[in-house]
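Undergrad: Pasting a structure below so you can have a look.
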Amino acid sequence: FKVLAIERPLSLQVHPTTAQAQAGYAGETARGIPLDDPTRTYKDASHKPEMVCAITPFHGLCGFRSPTATAGLLDRLGLPGLRPWIHTLRTEPPAQALRTVFAAMLDDAAGPLRAQIEQALPGHDDLSPYAALARACPGDPGVTAALLLNHVTLRPGQALYLGAGVPHAYLGGLGAEIMANSDNVLRCGLTSKHVDVPELMRVVDFAPSGPHLVRPEQDTPGEHRYRPPAPEFALTRYELTGGTTHSLPGGLPQIVLCLEGEALLGDGPALRPGQSAFVPAAVPLVRVSGKGVLYHAQPSAFTL
């Protein structure tokens, strides 16, 4: 659980399934690749689903846009070199078309065409997020690959879930992020770190998909519960008004983070903005009061 304050784009990346992580970790271990080797892809044998909840307006890239929509987008750039990709996107089955074009975009042979694309982007207002990427990461293959992805803007309080195989990148804003306990990241671009294209192509899910927004449940006023389809984590945002008390469940390991105002856990301690506390599973039910905004992270499914 952490707070992301994104000043410049974070890497375009994807995470493996549990089975892929187990196989990849075992394979790299068998080949004797040290865990701290920068060319190692799998740091552990776990998957890495994650969710980000916007604190301020937050934007990023997530999932593949429909191939026909992307073909229209590329067509507007007016570059003859894009015609083969446009044709593929319009004529081949969606997942196959996206796989073919994605691989071609990352290929070194596409370097000159990628440079033309970066030069053409500033002339199109509807492509401003991608033009900003080109300014931040000039010459990076991920700039062109990003054109295949949906641009997503989250309002404060909206949450985005990212499962295995979904390519994504966070571009700007402040958000509370929570994820499974893993360091398995396969990077596609917008980074100077290691990019393993063959393994990346094996892990990416090329099916077009829209953003998976997690809508908060609100059974109690001031309590917004985000429950994504991952057993490892759940998140709750409390809006403390000073006149009500909320109860945190007992028997769970939990983290609470004060974002605004002041929050009191039981008889103490009082948390102020930026302060957090860990509540062990052995602690019984804890009552929260105060006035401000509190984020609460816990496992979604947990047994002692």
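Chain identifiers are assigned as A, B, and so on, following the order in which chains appear in the structure tokens; residues are numbered from 1 within each chain, and ligands are numbered from 1 in order of appearance.
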Determine which residues of range 35-210 of chain A DSSP labels as strand (DSSP E) from the backbone of this structure, then write them out as a PyMOL selection string.
TA: chain A and resi 50-54+58-64+149-154+159-162+168-179+186-189
Undergrad: Using the selection just defined, write its residues with N, CA, C and O atoms as a compact mmCIF listing (two decimals), in the first residue's frame.
TA:
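As a result, result.txt now contains:
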# COMPACT_ATOMS: atom_id res chain seq x y z
N GLU A 50 -3.17 -5.08 -9.04
CA GLU A 50 -3.06 -3.81 -8.31
C GLU A 50 -4.29 -2.94 -8.57
O GLU A 50 -5.03 -3.15 -9.54
N MET A 51 -4.49 -1.97 -7.70
CA MET A 51 -5.59 -1.01 -7.84
C MET A 51 -5.08 0.35 -7.40
O MET A 51 -4.33 0.47 -6.42
N VAL A 52 -5.49 1.39 -8.12
CA VAL A 52 -5.15 2.75 -7.73
C VAL A 52 -6.43 3.55 -7.56
O VAL A 52 -7.35 3.45 -8.38
N CYS A 53 -6.51 4.29 -6.46
CA CYS A 53 -7.67 5.14 -6.17
C CYS A 53 -7.20 6.59 -6.25
O CYS A 53 -6.26 6.99 -5.53
N ALA A 54 -7.83 7.38 -7.11
CA ALA A 54 -7.38 8.75 -7.35
C ALA A 54 -7.64 9.64 -6.14
O ALA A 54 -8.74 9.67 -5.60
N PHE A 58 -6.36 12.08 -11.91
CA PHE A 58 -5.30 11.09 -12.14
C PHE A 58 -5.48 10.54 -13.54
O PHE A 58 -6.61 10.24 -13.95
N HIS A 59 -4.40 10.42 -14.30
CA HIS A 59 -4.59 9.85 -15.63
C HIS A 59 -3.47 8.88 -15.99
O HIS A 59 -2.36 8.94 -15.46
N GLY A 60 -3.83 7.97 -16.89
CA GLY A 60 -2.89 6.94 -17.29
C GLY A 60 -3.36 6.22 -18.54
O GLY A 60 -4.32 6.64 -19.21
N LEU A 61 -2.70 5.14 -18.86
CA LEU A 61 -3.03 4.28 -19.99
C LEU A 61 -3.40 2.91 -19.46
O LEU A 61 -2.77 2.42 -18.52
N CYS A 62 -4.40 2.28 -20.06
CA CYS A 62 -4.86 1.00 -19.53
C CYS A 62 -5.59 0.20 -20.59
O CYS A 62 -6.62 0.64 -21.11
N GLY A 63 -5.08 -0.99 -20.93
CA GLY A 63 -5.78 -1.89 -21.83
C GLY A 63 -5.76 -1.44 -23.28
O GLY A 63 -5.58 -0.26 -23.59
N PHE A 64 -5.97 -2.39 -24.18
CA PHE A 64 -5.95 -2.10 -25.61
C PHE A 64 -7.28 -1.53 -26.09
O PHE A 64 -8.34 -2.09 -25.83
N LEU A 149 -3.27 1.98 -26.64
CA LEU A 149 -3.93 1.84 -25.35
C LEU A 149 -4.95 2.94 -25.09
O LEU A 149 -4.83 4.05 -25.59
N ASN A 150 -5.92 2.61 -24.26
CA ASN A 150 -6.91 3.59 -23.82
C ASN A 150 -6.27 4.62 -22.90
O ASN A 150 -5.50 4.27 -22.00
N HIS A 151 -6.60 5.90 -23.12
CA HIS A 151 -6.22 6.92 -22.16
C HIS A 151 -7.35 7.05 -21.15
O HIS A 151 -8.52 7.18 -21.51
N VAL A 152 -7.02 6.97 -19.84
CA VAL A 152 -8.01 6.94 -18.77
C VAL A 152 -7.79 8.12 -17.85
O VAL A 152 -6.65 8.38 -17.43
N THR A 153 -8.85 8.83 -17.50
CA THR A 153 -8.79 9.90 -16.51
C THR A 153 -9.71 9.55 -15.36
O THR A 153 -10.89 9.25 -15.56
N LEU A 154 -9.16 9.55 -14.15
CA LEU A 154 -9.94 9.24 -12.95
C LEU A 154 -10.20 10.53 -12.17
O LEU A 154 -9.30 11.34 -11.97
N ALA A 159 -11.56 4.51 -8.76
CA ALA A 159 -10.49 3.52 -8.63
C ALA A 159 -10.41 2.65 -9.88
O ALA A 159 -11.43 2.32 -10.49
N LEU A 160 -9.19 2.28 -10.23
CA LEU A 160 -8.91 1.47 -11.42
C LEU A 160 -8.20 0.20 -10.99
O LEU A 160 -7.19 0.26 -10.27
N TYR A 161 -8.71 -0.95 -11.43
CA TYR A 161 -8.10 -2.24 -11.13
C TYR A 161 -7.34 -2.75 -12.35
O TYR A 161 -7.80 -2.62 -13.48
N LEU A 162 -6.16 -3.32 -12.11
CA LEU A 162 -5.32 -3.83 -13.19
C LEU A 162 -4.95 -5.28 -12.89
O LEU A 162 -4.21 -5.56 -11.95
N HIS A 168 -0.32 -1.17 -19.00
CA HIS A 168 -0.76 0.07 -18.37
C HIS A 168 0.44 0.96 -18.04
O HIS A 168 1.58 0.49 -17.96
N ALA A 169 0.15 2.21 -17.83
CA ALA A 169 1.16 3.18 -17.38
C ALA A 169 0.44 4.31 -16.67
O ALA A 169 -0.63 4.73 -17.10
N TYR A 170 1.02 4.79 -15.59
CA TYR A 170 0.49 5.93 -14.88
C TYR A 170 1.22 7.18 -15.36
O TYR A 170 2.45 7.22 -15.38
N LEU A 171 0.45 8.21 -15.73
CA LEU A 171 1.04 9.38 -16.38
C LEU A 171 1.10 10.61 -15.49
O LEU A 171 1.98 11.45 -15.65
N GLY A 172 0.14 10.77 -14.58
CA GLY A 172 0.16 11.96 -13.75
C GLY A 172 -0.92 11.94 -12.70
O GLY A 172 -1.97 11.32 -12.88
N GLY A 173 -0.67 12.60 -11.57
CA GLY A 173 -1.66 12.72 -10.51
C GLY A 173 -1.20 12.09 -9.22
O GLY A 173 -0.09 11.53 -9.12
N LEU A 174 -2.05 12.19 -8.22
CA LEU A 174 -1.80 11.63 -6.89
C LEU A 174 -2.81 10.53 -6.65
O LEU A 174 -4.02 10.73 -6.84
N GLY A 175 -2.34 9.35 -6.24
CA GLY A 175 -3.25 8.23 -6.04
C GLY A 175 -2.79 7.30 -4.95
O GLY A 175 -1.58 7.17 -4.69
N ALA A 176 -3.74 6.64 -4.29
CA ALA A 176 -3.44 5.59 -3.31
C ALA A 176 -3.43 4.27 -4.05
O ALA A 176 -4.45 3.88 -4.65
N GLU A 177 -2.30 3.58 -4.04
CA GLU A 177 -2.15 2.33 -4.78
C GLU A 177 -1.97 1.16 -3.81
O GLU A 177 -1.25 1.27 -2.82
N ILE A 178 -2.64 0.07 -4.13
CA ILE A 178 -2.52 -1.13 -3.31
C ILE A 178 -2.39 -2.33 -4.24
O ILE A 178 -2.97 -2.35 -5.32
N MET A 179 -1.57 -3.32 -3.83
CA MET A 179 -1.28 -4.43 -4.75
C MET A 179 -0.92 -5.68 -3.97
O MET A 179 -0.72 -5.65 -2.75
N LEU A 186 6.93 -6.68 -16.10
CA LEU A 186 7.50 -6.77 -17.44
C LEU A 186 7.26 -5.45 -18.12
O LEU A 186 6.11 -5.05 -18.35
N ARG A 187 8.34 -4.73 -18.41
CA ARG A 187 8.22 -3.38 -18.95
C ARG A 187 8.19 -3.40 -20.47
O ARG A 187 8.90 -4.18 -21.11
N CYS A 188 7.34 -2.52 -21.02
CA CYS A 188 7.20 -2.41 -22.47
C CYS A 188 7.94 -1.18 -23.00
O CYS A 188 8.26 -1.11 -24.19
N GLY A 189 8.12 -0.17 -22.15
CA GLY A 189 8.74 1.07 -22.61
C GLY A 189 8.55 2.18 -21.60
O GLY A 189 8.13 1.95 -20.46
Undergrad: Between A:Thr18, A:Gly139, A:Leu147, A:Leu133, which is the closest to Gly72 in chain A once you count only C-alpha atoms?
TA: A:Leu147
Undergrad: Please indicate the distance in Å from CA of Gly274 in chain A to CA of Ser46 in chain A, rounded to one decimal place.
TA: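 Result for CA of Gly274 in chain A versus CA of Ser46 in chain A: 29.6 Å, one decimal.
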Undergrad: Could you give me, as an MDAnalysis selection string, each residue of range 41-73 of chain A that DSSP assigns to alpha helix (DSSP H) when run on this structure's backbone?
TA: chainID A and resid 67:73
Undergrad: Please save all heavy atoms of the selected residues as a PDB file, in the first residue's frame.
TA:
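This is the output file out-v3.pdb:
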ATOM      1  N   PRO A  67      -9.051  -2.327 -32.182  1.00  0.00           N
ATOM      2  CA  PRO A  67      -8.156  -2.112 -33.318  1.00  0.00           C
ATOM      3  C   PRO A  67      -8.705  -1.136 -34.359  1.00  0.00           C
ATOM      4  O   PRO A  67      -7.944  -0.332 -34.905  1.00  0.00           O
ATOM      5  CB  PRO A  67      -7.985  -3.512 -33.915  1.00  0.00           C
ATOM      6  CG  PRO A  67      -8.281  -4.442 -32.792  1.00  0.00           C
ATOM      7  CD  PRO A  67      -9.327  -3.757 -31.968  1.00  0.00           C
ATOM      8  N   THR A  68      -9.997  -1.180 -34.616  1.00  0.00           N
ATOM      9  CA  THR A  68     -10.546  -0.280 -35.634  1.00  0.00           C
ATOM     10  C   THR A  68     -10.467   1.177 -35.180  1.00  0.00           C
ATOM     11  O   THR A  68     -10.191   2.070 -35.979  1.00  0.00           O
ATOM     12  CB  THR A  68     -12.009  -0.650 -35.957  1.00  0.00           C
ATOM     13  OG1 THR A  68     -12.768  -0.715 -34.743  1.00  0.00           O
ATOM     14  CG2 THR A  68     -12.074  -1.999 -36.663  1.00  0.00           C
ATOM     15  N   ALA A  69     -10.704   1.422 -33.889  1.00  0.00           N
ATOM     16  CA  ALA A  69     -10.582   2.787 -33.379  1.00  0.00           C
ATOM     17  C   ALA A  69      -9.141   3.265 -33.464  1.00  0.00           C
ATOM     18  O   ALA A  69      -8.866   4.424 -33.822  1.00  0.00           O
ATOM     19  CB  ALA A  69     -11.085   2.851 -31.938  1.00  0.00           C
ATOM     20  N   THR A  70      -8.191   2.389 -33.147  1.00  0.00           N
ATOM     21  CA  THR A  70      -6.777   2.771 -33.237  1.00  0.00           C
ATOM     22  C   THR A  70      -6.368   2.982 -34.685  1.00  0.00           C
ATOM     23  O   THR A  70      -5.564   3.876 -34.986  1.00  0.00           O
ATOM     24  CB  THR A  70      -5.899   1.696 -32.576  1.00  0.00           C
ATOM     25  OG1 THR A  70      -6.220   1.635 -31.185  1.00  0.00           O
ATOM     26  CG2 THR A  70      -4.425   2.033 -32.725  1.00  0.00           C
ATOM     27  N   ALA A  71      -6.924   2.203 -35.603  1.00  0.00           N
ATOM     28  CA  ALA A  71      -6.622   2.399 -37.029  1.00  0.00           C
ATOM     29  C   ALA A  71      -7.039   3.799 -37.464  1.00  0.00           C
ATOM     30  O   ALA A  71      -6.306   4.485 -38.181  1.00  0.00           O
ATOM     31  CB  ALA A  71      -7.332   1.341 -37.863  1.00  0.00           C
ATOM     32  N   GLY A  72      -8.212   4.242 -37.008  1.00  0.00           N
ATOM     33  CA  GLY A  72      -8.658   5.595 -37.333  1.00  0.00           C
ATOM     34  C   GLY A  72      -7.753   6.645 -36.742  1.00  0.00           C
ATOM     35  O   GLY A  72      -7.464   7.670 -37.373  1.00  0.00           O
ATOM     36  N   LEU A  73      -7.298   6.414 -35.522  1.00  0.00           N
ATOM     37  CA  LEU A  73      -6.384   7.348 -34.856  1.00  0.00           C
ATOM     38  C   LEU A  73      -5.079   7.462 -35.637  1.00  0.00           C
ATOM     39  O   LEU A  73      -4.581   8.569 -35.897  1.00  0.00           O
ATOM     40  CB  LEU A  73      -6.137   6.856 -33.428  1.00  0.00           C
ATOM     41  CG  LEU A  73      -5.224   7.648 -32.500  1.00  0.00           C
ATOM     42  CD1 LEU A  73      -5.630   7.409 -31.058  1.00  0.00           C
ATOM     43  CD2 LEU A  73      -3.769   7.224 -32.675  1.00  0.00           C
TER      44      LEU A  73
END
Undergrad: Just the residues within 8 Å of Ala263 in chain A, please, counting only C-alpha atoms, with nothing from its chain fewer than 6 positions along; format it as a list in words.
TA: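 Once the adjacent positions are removed, what remains is Leu240, Ala270, Leu271, Arg272, Val288, Ser289, Gly290, Lys291, Gly292, Val293 and Leu294 of chain A.
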Undergrad: Could those selected residues go to a file with N, CA and C atoms, as a tab-separated table (two decimals), in the first residue's frame?
TA:
chain	number	residue	atom	x	y	z
A	240	LEU	N	-14.29	11.30	7.60
A	240	LEU	CA	-14.63	11.50	9.00
A	240	LEU	C	-15.19	12.90	9.21
A	270	ALA	N	-3.29	9.64	17.61
A	270	ALA	CA	-3.94	10.52	16.63
A	270	ALA	C	-3.06	10.60	15.41
A	271	LEU	N	-3.65	10.39	14.25
A	271	LEU	CA	-2.91	10.46	12.99
A	271	LEU	C	-3.21	11.77	12.29
A	272	ARG	N	-2.16	12.43	11.82
A	272	ARG	CA	-2.30	13.68	11.08
A	272	ARG	C	-1.89	13.43	9.63
A	288	VAL	N	-12.63	4.16	14.86
A	288	VAL	CA	-11.96	5.32	14.27
A	288	VAL	C	-12.89	6.52	14.37
A	289	SER	N	-12.34	7.64	14.82
A	289	SER	CA	-13.12	8.87	14.89
A	289	SER	C	-12.23	10.04	14.48
A	290	GLY	N	-12.78	11.23	14.50
A	290	GLY	CA	-12.01	12.41	14.12
A	290	GLY	C	-12.69	13.17	13.01
A	291	LYS	N	-11.91	14.00	12.34
A	291	LYS	CA	-12.43	14.80	11.24
A	291	LYS	C	-11.37	14.89	10.16
A	292	GLY	N	-11.67	14.34	9.00
A	292	GLY	CA	-10.69	14.33	7.91
A	292	GLY	C	-10.94	13.18	6.96
A	293	VAL	N	-9.89	12.76	6.26
A	293	VAL	CA	-9.98	11.66	5.29
A	293	VAL	C	-8.94	10.61	5.67
A	294	LEU	N	-9.39	9.35	5.75
A	294	LEU	CA	-8.55	8.23	6.16
A	294	LEU	C	-8.67	7.11	5.13
Undergrad: Which residue is closest to Val204 in chain A? Choose from A:Pro229, A:Pro284, A:Pro253, A:Pro167 and count only C-alpha atoms.
TA: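 Counting only C-alpha atoms, the residue closest to Val204 in chain A is A:Pro167.
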